[in-house]
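Undergrad: Structure file coords_37.cif (mmCIF, C-alpha atoms) is given on the next line.
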```cif
data_final
#
loop_
_atom_site.label_atom_id
_atom_site.label_comp_id
_atom_site.auth_asym_id
_atom_site.auth_seq_id
_atom_site.Cartn_x
_atom_site.Cartn_y
_atom_site.Cartn_z
CA MET A 1 43.88 24.51 -1.68
CA ASN A 2 44.57 27.47 0.61
CA LEU A 3 43.81 27.46 4.32
CA GLN A 4 40.60 29.40 4.00
CA THR A 5 38.99 27.04 1.48
CA ALA A 6 40.18 24.09 3.53
CA ALA A 7 38.40 25.55 6.55
CA ILE A 8 35.20 26.06 4.55
CA VAL A 9 35.32 22.52 3.17
CA LEU A 10 35.93 21.18 6.65
CA SER A 11 33.05 23.03 8.25
CA LEU A 12 30.79 22.07 5.33
CA SER A 13 31.55 18.40 5.73
CA LEU A 14 31.03 18.68 9.49
CA THR A 15 27.58 20.18 8.90
CA LEU A 16 26.76 17.36 6.49
CA ALA A 17 27.98 14.75 8.95
CA THR A 18 25.79 16.08 11.77
CA ALA A 19 22.83 16.30 9.41
CA ALA A 20 23.28 12.61 8.55
CA ALA A 21 23.58 11.55 12.19
CA ALA A 22 20.40 13.37 13.19
CA GLY A 23 18.26 12.45 10.22
CA PRO A 24 14.46 12.62 10.10
CA ARG A 25 14.21 9.10 11.59
CA GLU A 26 16.22 10.13 14.64
CA ASP A 27 14.25 13.38 14.96
CA GLN A 28 11.01 11.47 15.01
CA LEU A 29 12.33 8.97 17.55
CA ALA A 30 13.40 11.89 19.73
CA GLN A 31 9.87 13.31 19.53
CA TYR A 32 8.35 9.97 20.50
CA ALA A 33 10.86 9.74 23.36
CA ALA A 34 9.88 13.20 24.65
CA ALA A 35 6.20 12.26 24.47
CA ALA A 36 6.82 8.91 26.21
CA LYS A 37 8.74 10.66 28.98
CA ALA A 38 5.95 13.17 29.46
CA THR A 39 3.41 10.42 30.19
CA THR A 40 5.78 7.94 31.87
CA PRO A 41 8.49 9.66 33.92
CA ALA A 42 10.21 6.29 34.41
CA PHE A 43 10.71 5.97 30.63
CA ALA A 44 14.25 4.68 30.07
CA GLY A 45 14.54 4.47 26.29
CA PHE A 46 12.97 2.39 23.55
CA SER A 47 13.39 -1.36 23.33
CA ALA A 48 13.71 -3.40 20.15
CA ALA A 49 12.67 -6.48 22.15
CA ARG A 50 9.38 -4.85 23.19
CA GLY A 51 8.98 -3.71 19.58
CA GLU A 52 9.36 -7.29 18.37
CA ALA A 53 6.74 -8.49 20.85
CA LEU A 54 4.36 -5.79 19.62
CA HIS A 55 5.09 -6.77 16.02
CA ARG A 56 4.13 -10.39 16.59
CA GLN A 57 1.37 -10.13 19.19
CA LYS A 58 -2.12 -11.07 17.99
CA PHE A 59 -4.61 -8.48 19.20
CA ALA A 60 -8.36 -8.93 19.41
CA GLY A 61 -9.34 -5.25 19.26
CA GLY A 62 -8.83 -4.64 15.56
CA LYS A 63 -9.84 -6.36 12.33
CA PRO A 64 -10.04 -10.14 12.51
CA ALA A 65 -8.26 -10.48 9.14
CA THR A 66 -5.19 -8.60 10.40
CA PRO A 67 -4.63 -9.37 14.10
CA SER A 68 -0.93 -8.35 14.09
CA CYS A 69 1.58 -6.11 12.38
CA ALA A 70 3.11 -9.35 11.11
CA SER A 71 -0.13 -10.13 9.23
CA CYS A 72 0.88 -7.57 6.59
CA HIS A 73 4.57 -6.90 7.30
CA ALA A 74 5.61 -10.59 7.62
CA ASP A 75 6.80 -12.31 10.80
CA ASP A 76 10.35 -11.38 9.92
CA PRO A 77 10.48 -7.71 8.87
CA ARG A 78 13.32 -8.59 6.54
CA SER A 79 10.81 -10.43 4.36
CA ALA A 80 8.39 -8.71 2.02
CA GLY A 81 4.84 -8.49 3.31
CA ARG A 82 1.43 -8.48 1.67
CA THR A 83 -1.87 -6.66 2.20
CA PRO A 84 -5.21 -8.52 2.27
CA ALA A 85 -5.90 -7.15 -1.24
CA GLY A 86 -2.68 -8.72 -2.47
CA LYS A 87 -0.30 -5.79 -2.76
CA THR A 88 3.33 -6.65 -1.95
CA ILE A 89 4.89 -4.54 0.81
CA GLU A 90 8.62 -3.95 0.74
CA PRO A 91 10.41 -5.26 3.86
CA ALA A 92 9.88 -3.14 6.98
CA ALA A 93 13.48 -3.67 8.13
CA VAL A 94 15.61 -0.56 7.71
CA SER A 95 18.60 -2.67 6.62
CA LEU A 96 16.69 -3.67 3.47
CA SER A 97 14.57 -0.54 2.99
CA PRO A 98 16.88 2.29 4.06
CA ALA A 99 14.55 5.01 2.74
CA ARG A 100 11.83 4.02 5.19
CA TYR A 101 10.66 6.11 8.17
CA THR A 102 12.26 9.29 6.85
CA ASP A 103 9.02 11.13 6.08
CA ALA A 104 7.39 12.01 9.40
CA ALA A 105 3.93 12.62 7.94
CA LYS A 106 3.98 9.27 6.14
CA VAL A 107 5.11 7.43 9.27
CA GLU A 108 2.37 9.05 11.39
CA LYS A 109 -0.27 8.37 8.72
CA TRP A 110 0.51 4.65 8.61
CA PHE A 111 0.90 4.24 12.38
CA LYS A 112 -2.58 5.70 12.70
CA ARG A 113 -4.13 3.46 10.04
CA ASN A 114 -2.28 0.29 10.96
CA CYS A 115 -2.58 0.55 14.73
CA ASN A 116 -6.33 1.10 14.33
CA ASP A 117 -6.47 -1.94 12.04
CA VAL A 118 -4.54 -4.18 14.42
CA LEU A 119 -5.20 -2.90 17.96
CA GLY A 120 -8.44 -1.03 17.36
CA ARG A 121 -6.82 2.14 18.74
CA GLU A 122 -3.89 4.41 18.04
CA CYS A 123 -0.46 3.32 19.24
CA THR A 124 1.20 5.16 22.11
CA PRO A 125 4.48 7.03 21.55
CA LEU A 126 6.18 4.23 23.50
CA GLU A 127 4.78 1.57 21.17
CA LYS A 128 5.74 3.57 18.09
CA GLY A 129 9.29 4.13 19.32
CA ASP A 130 9.72 0.48 20.33
CA TRP A 131 8.48 -0.72 16.95
CA LEU A 132 10.78 1.68 15.09
CA ALA A 133 13.69 0.55 17.28
CA TYR A 134 12.85 -3.03 16.33
CA VAL A 135 12.72 -2.52 12.56
CA ALA A 136 15.83 -0.30 12.72
CA SER A 137 17.67 -3.16 14.45
CA ARG A 138 16.75 -5.69 11.77
CA MET B 1 20.64 -14.58 -0.55
CA LYS B 2 18.12 -15.99 1.91
CA LEU B 3 16.86 -12.47 2.66
CA ARG B 4 16.07 -11.68 -0.93
CA SER B 5 14.51 -15.00 -1.85
CA ARG B 6 11.10 -14.32 -0.28
CA PRO B 7 9.89 -11.54 -2.61
CA VAL B 8 11.12 -13.53 -5.57
CA ALA B 9 9.26 -16.57 -4.32
CA LEU B 10 6.11 -14.50 -3.90
CA GLY B 11 6.44 -13.23 -7.46
CA LEU B 12 6.95 -16.76 -8.71
CA ALA B 13 3.89 -17.99 -6.85
CA ALA B 14 1.82 -15.24 -8.46
CA LEU B 15 3.23 -16.09 -11.89
CA ALA B 16 2.61 -19.78 -11.40
CA PHE B 17 -0.95 -19.03 -10.37
CA SER B 18 -1.73 -16.89 -13.39
CA ALA B 19 -0.14 -19.49 -15.65
CA LEU B 20 -2.50 -21.99 -14.06
CA VAL B 21 -5.50 -19.77 -14.69
CA PHE B 22 -4.76 -18.82 -18.25
CA GLY B 23 -2.71 -21.77 -19.38
CA ARG B 24 -0.85 -19.84 -22.06
CA ALA B 25 1.41 -16.86 -22.42
CA GLN B 26 -0.30 -13.66 -23.47
CA ALA B 27 1.01 -10.51 -25.10
CA GLY B 28 -0.63 -7.33 -26.34
CA GLY B 29 -4.33 -7.10 -27.18
CA GLY B 30 -7.31 -4.82 -26.79
CA HIS B 31 -7.97 -4.94 -23.07
CA TYR B 32 -5.82 -2.03 -22.05
CA TYR B 33 -6.67 0.44 -19.27
CA PRO B 34 -3.96 3.09 -18.89
CA PRO B 35 -2.39 2.65 -15.44
CA VAL B 36 -2.18 5.56 -12.99
CA ALA B 37 0.62 7.85 -14.13
CA ASP B 38 0.42 10.49 -11.38
CA PRO B 39 2.99 9.78 -8.61
CA LEU B 40 0.74 11.15 -5.84
CA VAL B 41 -2.17 8.94 -6.89
CA LYS B 42 0.16 5.95 -7.23
CA GLU B 43 1.48 6.54 -3.71
CA GLU B 44 -1.85 7.21 -1.98
CA CYS B 45 -4.06 4.79 -3.92
CA GLY B 46 -1.54 2.07 -4.69
CA SER B 47 -0.21 0.94 -1.30
CA CYS B 48 -3.05 -1.30 -0.12
CA HIS B 49 -4.06 -2.59 -3.54
CA LEU B 50 -3.19 -2.04 -7.18
CA ALA B 51 -3.76 1.63 -8.05
CA PHE B 52 -6.93 0.97 -10.04
CA ALA B 53 -7.03 2.48 -13.52
CA PRO B 54 -9.20 5.62 -13.52
CA ALA B 55 -10.82 4.46 -16.79
CA MET B 56 -12.48 1.59 -14.90
CA LEU B 57 -15.10 3.73 -13.11
CA PRO B 58 -17.20 6.77 -14.07
CA ALA B 59 -16.33 10.22 -12.72
CA LYS B 60 -19.25 10.15 -10.27
CA SER B 61 -17.86 6.97 -8.72
CA TRP B 62 -14.44 8.50 -8.17
CA GLN B 63 -16.04 11.50 -6.50
CA ARG B 64 -17.93 9.13 -4.21
CA VAL B 65 -14.77 7.15 -3.42
CA MET B 66 -12.89 10.36 -2.67
CA ASN B 67 -15.65 11.70 -0.43
CA GLY B 68 -15.62 8.54 1.68
CA LEU B 69 -11.93 7.87 2.30
CA LYS B 70 -12.32 8.06 6.07
CA ASN B 71 -14.28 4.81 5.92
CA HIS B 72 -13.02 3.20 2.73
CA PHE B 73 -14.24 -0.41 2.70
CA GLY B 74 -13.52 -0.48 6.42
CA ASP B 75 -10.09 1.18 6.10
CA ASP B 76 -9.01 4.72 6.82
CA ALA B 77 -7.54 5.86 3.50
CA SER B 78 -7.88 9.56 4.18
CA VAL B 79 -5.32 12.07 2.92
CA ASP B 80 -4.98 15.77 3.58
CA PRO B 81 -7.54 17.99 1.78
CA ALA B 82 -5.09 19.51 -0.73
CA GLN B 83 -3.90 16.05 -1.78
CA ALA B 84 -7.45 14.72 -1.93
CA GLU B 85 -8.36 17.50 -4.30
CA ARG B 86 -5.44 16.71 -6.62
CA ILE B 87 -6.16 12.98 -6.57
CA ALA B 88 -9.87 13.51 -7.25
CA ALA B 89 -9.10 15.85 -10.16
CA TYR B 90 -6.84 13.22 -11.75
CA LEU B 91 -9.30 10.36 -11.33
CA VAL B 92 -12.27 12.40 -12.55
CA ALA B 93 -10.37 13.70 -15.60
CA ASN B 94 -9.40 10.17 -16.70
CA ALA B 95 -12.61 8.32 -15.80
CA ALA B 96 -14.56 5.85 -17.94
CA ASP B 97 -17.01 8.57 -19.03
CA THR B 98 -14.47 11.40 -19.41
CA GLY B 99 -10.84 11.29 -20.64
CA GLY B 100 -10.66 7.49 -20.35
CA ARG B 101 -13.83 6.83 -22.34
CA ARG B 102 -12.17 5.09 -25.26
CA TYR B 103 -10.55 2.57 -22.90
CA GLY B 104 -13.16 2.12 -20.21
CA GLY B 105 -16.44 3.15 -21.81
CA LYS B 106 -17.35 -0.48 -22.46
CA LEU B 107 -17.15 -1.29 -18.75
CA LEU B 108 -20.09 1.04 -18.13
CA ARG B 109 -22.52 -1.10 -20.10
CA GLY B 110 -25.50 -1.68 -17.86
CA VAL B 111 -24.59 1.14 -15.45
CA ALA B 112 -27.22 3.91 -15.36
CA THR B 113 -25.73 7.37 -15.83
CA ALA B 114 -27.09 8.43 -12.44
CA ASP B 115 -25.33 5.51 -10.71
CA ALA B 116 -22.00 5.82 -8.93
CA PRO B 117 -20.88 2.24 -8.17
CA LEU B 118 -18.06 2.07 -5.62
CA ARG B 119 -16.58 -1.13 -6.95
CA ILE B 120 -15.17 -2.12 -10.32
CA THR B 121 -15.85 -5.70 -9.25
CA GLU B 122 -19.58 -5.01 -9.08
CA LEU B 123 -19.94 -3.52 -12.56
CA PRO B 124 -22.27 -5.79 -14.59
CA LYS B 125 -19.68 -5.97 -17.38
CA TRP B 126 -16.91 -6.98 -14.94
CA VAL B 127 -19.13 -9.60 -13.36
CA GLY B 128 -19.95 -10.92 -16.85
CA GLU B 129 -16.29 -11.18 -17.85
CA HIS B 130 -15.59 -13.18 -14.71
CA ARG B 131 -18.64 -15.43 -14.64
CA ASN B 132 -16.55 -18.45 -15.66
CA VAL B 133 -14.00 -18.00 -12.89
CA PRO B 134 -14.62 -20.88 -10.48
CA ASP B 135 -15.15 -20.38 -6.79
CA TRP B 136 -11.92 -22.06 -5.70
CA GLU B 137 -9.93 -19.55 -7.70
CA TRP B 138 -11.42 -16.60 -5.83
CA ARG B 139 -10.65 -18.36 -2.56
CA HIS B 140 -7.11 -19.36 -3.57
CA LYS B 141 -4.65 -18.00 -1.00
CA ASP B 142 -2.78 -16.07 -3.70
CA VAL B 143 -6.00 -14.29 -4.64
CA ASN B 144 -7.93 -13.70 -1.40
CA SER B 145 -9.87 -10.77 -2.87
CA LYS B 146 -11.61 -9.99 -6.16
CA ALA B 147 -9.80 -6.65 -6.04
CA ASN B 148 -6.45 -8.48 -6.29
CA CYS B 149 -6.45 -8.14 -10.07
CA ALA B 150 -2.69 -8.76 -10.34
CA ALA B 151 -2.99 -12.26 -8.91
CA CYS B 152 -4.58 -13.39 -12.19
CA HIS B 153 -3.72 -10.58 -14.57
CA ALA B 154 0.06 -10.62 -14.28
CA ASP B 155 0.36 -7.41 -16.31
CA ALA B 156 -2.36 -5.47 -14.48
CA ALA B 157 0.08 -2.91 -13.10
CA ARG B 158 0.96 -2.02 -16.70
CA GLY B 159 -2.70 -1.83 -17.68
CA TYR B 160 -3.14 -5.12 -19.55
CA TYR B 161 -6.05 -7.41 -18.71
CA ASP B 162 -5.95 -9.84 -21.57
CA GLU B 163 -7.55 -13.14 -21.14
#
```
Take the structure I supplied and represent it as structure tokens, if you would.

TA:
Amino acid sequence: MNLQTAAIVLSLSLTLATAAAAGPREDQLAQYAAAAKATTPAFAGFSAARGEALHRQKFAGGKPATPSCASCHADDPRSAGRTPAGKTIEPAAVSLSPARYTDAAKVEKWFKRNCNDVLGRECTPLEKGDWLAYVASR
Amino acid sequence: MKLRSRPVALGLAALAFSALVFGRAQAGGGHYYPPVADPLVKEECGSCHLAFAPAMLPAKSWQRVMNGLKNHFGDDASVDPAQAERIAAYLVANAADTGGRRYGGKLLRGVATADAPLRITELPKWVGEHRNVPDWEWRHKDVNSKANCAACHADAARGYYDE
């Protein structure tokens, strides 16, 4: 391999490496972070611990059959979940479902549906980012 | 090991339950409703429940379902307009009174041609087929909903609903 090809291969692999580090999941988190900062100047990053609390909390504002995220996604996101109509849901944890949260439109669509189901309102960018930080840490 | 055991256990519970209901192993037979083959329909109509076979409802019903996705049995199942159009076209083309007639036509017995029922589980023929299912079975925690076909029909995802 001559020097020139080596340089091309090197720069190619560098491009690929950066692309992997800033994947669609990270892009979306960055967008939620920007939105969270815009509303809360004191915003200091997402928290997996807050995300876990959100995951487990039983809310009264949504549907009685599904008071929490855990109602469908299981208490432990590393377990499979189940919808009220009986459909199995693959684990929410990124460690077990690495393809998750990589399609921004899909993520937004389900946040909208599920937050309305559980909280009776849409989730804030802070809540979305915290929850994603939680399932990414599991 | 521990991590993976839960889905398997769920599957086993479902199997055990259907074995309880039917009491014997089943294979093949005439009660076949071709499952959804279109990946978009499978994705958008198969996350909350089994992607119901298009041959189980008439075309008018599917149009009604597709026009009401914003409030779909209390859920927001809406999709963007271009996708909705593609999904509706697929369901309508394979409905019980169109392309899926030879599979699902019998389910329309007792349904007036002007009617557009929203539920398979309210079709007179479906109700008739299930009249002997006892109350406790519908309430069983592995069932929870009449629309949870796969809890009792282990092969529902592949289109088989044999007794």

Undergrad: Of the residues A:Cys72, A:Ala99, A:Cys123, A:Ala42, which is the one nearest to Lys87 in chain A, using all atoms listed in the file?

TA: A:Cys72

Undergrad: With distances taken over all atoms listed in the file, which of A:Ala85, A:Val135, A:Val118, A:Ala92 is nearest to chain B?

TA: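 Of all the options, A:Ala85 lies closest to chain B.
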
Undergrad: Taking only C-alpha atoms into account, what are the residues of chain A at most 7 Å from chain B, put as a compact mmCIF listing (two decimals) with C-alpha atoms, keeping the file's coordinate frame?

TA:
```txt
# COMPACT_ATOMS: atom_id res chain seq x y z
CA ARG A 78 13.32 -8.59 6.54
CA SER A 79 10.81 -10.43 4.36
CA ALA A 80 8.39 -8.71 2.02
CA THR A 83 -1.87 -6.66 2.20
CA PRO A 84 -5.21 -8.52 2.27
CA ALA A 85 -5.90 -7.15 -1.24
CA GLY A 86 -2.68 -8.72 -2.47
CA LYS A 87 -0.30 -5.79 -2.76
CA ARG A 113 -4.13 3.46 10.04
```

Undergrad: Leaving out Phe46 in chain A and any residue of its chain fewer than 6 positions from it, which residues lie within 10 Å of it when counting only C-alpha atoms, given as a ChimeraX atom specification?

TA: /A:29,32-33,36,125-134

Undergrad: May I have the residues from that selection written out with C-alpha atoms, as an mmCIF file, in the frame of the given file?

TA:
```cif
data_model
loop_
_atom_site.group_PDB
_atom_site.id
_atom_site.type_symbol
_atom_site.label_atom_id
_atom_site.label_comp_id
_atom_site.auth_asym_id
_atom_site.auth_seq_id
_atom_site.Cartn_x
_atom_site.Cartn_y
_atom_site.Cartn_z
ATOM 1 C CA LEU A 29 12.330 8.970 17.550
ATOM 2 C CA TYR A 32 8.350 9.970 20.500
ATOM 3 C CA ALA A 33 10.860 9.740 23.360
ATOM 4 C CA ALA A 36 6.820 8.910 26.210
ATOM 5 C CA PRO A 125 4.480 7.030 21.550
ATOM 6 C CA LEU A 126 6.180 4.230 23.500
ATOM 7 C CA GLU A 127 4.780 1.570 21.170
ATOM 8 C CA LYS A 128 5.740 3.570 18.090
ATOM 9 C CA GLY A 129 9.290 4.130 19.320
ATOM 10 C CA ASP A 130 9.720 0.480 20.330
ATOM 11 C CA TRP A 131 8.480 -0.720 16.950
ATOM 12 C CA LEU A 132 10.780 1.680 15.090
ATOM 13 C CA ALA A 133 13.690 0.550 17.280
ATOM 14 C CA TYR A 134 12.850 -3.030 16.330
#
```

Undergrad: Run the PyMOL selection byres ((chain A and resi 54-56) around 10) against the file shown and list the residues it catches, as number ranges by chain.

TA: A: 48-53, 57-59, 67-71, 73-77, 127-128, 130-131, 134-135

Undergrad: I'd like the interatomic distance between CA of Arg139 in chain B and CA of Val127 in chain B, to a tenth of an Å.

TA: 16.3 Å

Undergrad: How close does each residue of range 40-89 of chain B get to range 94-99 of chain B, giving the shortest atom pair and distance in Å to one decimal for every residue with an atom at most 8 Å away, counting only C-alpha atoms, sorted by chain and residue number, as CSV?

TA:
```
residue,atom,partner,partner_atom,distance
B:Pro54,CA,B:Ala95,CA,4.9
B:Ala55,CA,B:Ala96,CA,4.2
B:Met56,CA,B:Ala96,CA,5.6
B:Leu57,CA,B:Ala96,CA,5.3
B:Pro58,CA,B:Ala96,CA,4.8
B:Ala59,CA,B:Ala95,CA,5.2
B:Trp62,CA,B:Ala95,CA,7.8
```

Undergrad: Report the distance between CA of Ser97 in chain A and CA of Gln28 in chain A in Å, rounded to one decimal place.

TA: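 If I compute the distance from CA of Ser97 in chain A to CA of Gln28 in chain A, I get 17.4 Å.
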
Undergrad: Box in all listed atoms of range 120-130 of chain A, axis-aligned, with 3 Å more on each side; write out centre and edge lengths in Å to one decimal as lines of an AutoDock Vina configuration file.

TA:
```
center_x = 0.6
center_y = 3.0
center_z = 20.4
size_x = 24.2
size_y = 14.1
size_z = 12.1
```

Undergrad: Would you mind completing range 113-123 of chain B so that it carries all heavy atoms, and writing it out as a JSON list (two decimals), in the coordinates of the input?

TA:
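Saved the output as out-v7.json:
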```json
[["chain", "number", "residue", "atom", "x", "y", "z"],
["B", 113, "THR", "N", -26.59, 6.19, -15.93],
["B", 113, "THR", "CA", -25.73, 7.37, -15.83],
["B", 113, "THR", "C", -25.84, 8.05, -14.46],
["B", 113, "THR", "O", -24.93, 8.75, -14.04],
["B", 113, "THR", "CB", -26.03, 8.42, -16.93],
["B", 113, "THR", "OG1", -27.45, 8.56, -17.02],
["B", 113, "THR", "CG2", -25.46, 7.99, -18.25],
["B", 114, "ALA", "N", -26.95, 7.82, -13.76],
["B", 114, "ALA", "CA", -27.09, 8.43, -12.44],
["B", 114, "ALA", "C", -26.35, 7.62, -11.37],
["B", 114, "ALA", "O", -26.13, 8.11, -10.26],
["B", 114, "ALA", "CB", -28.56, 8.54, -12.07],
["B", 115, "ASP", "N", -25.96, 6.39, -11.70],
["B", 115, "ASP", "CA", -25.33, 5.51, -10.71],
["B", 115, "ASP", "C", -23.86, 5.88, -10.47],
["B", 115, "ASP", "O", -23.19, 6.37, -11.37],
["B", 115, "ASP", "CB", -25.37, 4.05, -11.18],
["B", 115, "ASP", "CG", -26.74, 3.44, -10.97],
["B", 115, "ASP", "OD1", -27.62, 4.16, -10.44],
["B", 115, "ASP", "OD2", -26.94, 2.28, -11.36],
["B", 116, "ALA", "N", -23.40, 5.60, -9.25],
["B", 116, "ALA", "CA", -22.00, 5.82, -8.93],
["B", 116, "ALA", "C", -21.49, 4.60, -8.16],
["B", 116, "ALA", "O", -21.26, 4.66, -6.96],
["B", 116, "ALA", "CB", -21.83, 7.10, -8.12],
["B", 117, "PRO", "N", -21.33, 3.46, -8.86],
["B", 117, "PRO", "CA", -20.88, 2.24, -8.17],
["B", 117, "PRO", "C", -19.51, 2.47, -7.52],
["B", 117, "PRO", "O", -18.66, 3.14, -8.10],
["B", 117, "PRO", "CB", -20.79, 1.20, -9.28],
["B", 117, "PRO", "CG", -20.73, 1.96, -10.56],
["B", 117, "PRO", "CD", -21.47, 3.24, -10.32],
["B", 118, "LEU", "N", -19.34, 1.88, -6.33],
["B", 118, "LEU", "CA", -18.06, 2.07, -5.62],
["B", 118, "LEU", "C", -17.03, 1.02, -6.01],
["B", 118, "LEU", "O", -15.85, 1.18, -5.72],
["B", 118, "LEU", "CB", -18.29, 1.98, -4.10],
["B", 118, "LEU", "CG", -18.82, 3.24, -3.43],
["B", 118, "LEU", "CD1", -19.02, 3.00, -1.94],
["B", 118, "LEU", "CD2", -17.85, 4.41, -3.63],
["B", 119, "ARG", "N", -17.51, -0.05, -6.63],
["B", 119, "ARG", "CA", -16.58, -1.13, -6.95],
["B", 119, "ARG", "C", -16.54, -1.42, -8.44],
["B", 119, "ARG", "O", -17.60, -1.54, -9.08],
["B", 119, "ARG", "CB", -16.99, -2.42, -6.22],
["B", 119, "ARG", "CG", -16.65, -2.44, -4.73],
["B", 119, "ARG", "CD", -16.93, -3.84, -4.21],
["B", 119, "ARG", "NE", -16.70, -3.99, -2.79],
["B", 119, "ARG", "CZ", -15.55, -4.39, -2.25],
["B", 119, "ARG", "NH1", -14.51, -4.65, -3.03],
["B", 119, "ARG", "NH2", -15.44, -4.51, -0.95],
["B", 120, "ILE", "N", -15.35, -1.61, -8.97],
["B", 120, "ILE", "CA", -15.17, -2.12, -10.32],
["B", 120, "ILE", "C", -15.73, -3.54, -10.36],
["B", 120, "ILE", "O", -16.38, -3.94, -11.33],
["B", 120, "ILE", "CB", -13.67, -2.15, -10.68],
["B", 120, "ILE", "CG1", -13.09, -0.73, -10.63],
["B", 120, "ILE", "CG2", -13.42, -2.78, -12.03],
["B", 120, "ILE", "CD1", -11.57, -0.69, -10.47],
["B", 121, "THR", "N", -15.48, -4.29, -9.29],
["B", 121, "THR", "CA", -15.85, -5.70, -9.25],
["B", 121, "THR", "C", -17.35, -5.93, -9.12],
["B", 121, "THR", "O", -17.79, -7.07, -9.05],
["B", 121, "THR", "CB", -15.13, -6.43, -8.10],
["B", 121, "THR", "OG1", -15.41, -5.73, -6.88],
["B", 121, "THR", "CG2", -13.63, -6.44, -8.30],
["B", 122, "GLU", "N", -18.13, -4.84, -9.08],
["B", 122, "GLU", "CA", -19.58, -5.01, -9.08],
["B", 122, "GLU", "C", -20.20, -4.48, -10.36],
["B", 122, "GLU", "O", -21.42, -4.53, -10.53],
["B", 122, "GLU", "CB", -20.20, -4.35, -7.84],
["B", 122, "GLU", "CG", -20.01, -5.23, -6.61],
["B", 122, "GLU", "CD", -20.42, -4.56, -5.31],
["B", 122, "GLU", "OE1", -20.91, -3.41, -5.34],
["B", 122, "GLU", "OE2", -20.25, -5.21, -4.26],
["B", 123, "LEU", "N", -19.40, -3.97, -11.28],
["B", 123, "LEU", "CA", -19.94, -3.52, -12.56],
["B", 123, "LEU", "C", -20.48, -4.74, -13.31],
["B", 123, "LEU", "O", -19.81, -5.78, -13.35],
["B", 123, "LEU", "CB", -18.84, -2.85, -13.42],
["B", 123, "LEU", "CG", -18.17, -1.61, -12.84],
["B", 123, "LEU", "CD1", -17.00, -1.18, -13.73],
["B", 123, "LEU", "CD2", -19.17, -0.48, -12.69]]
```
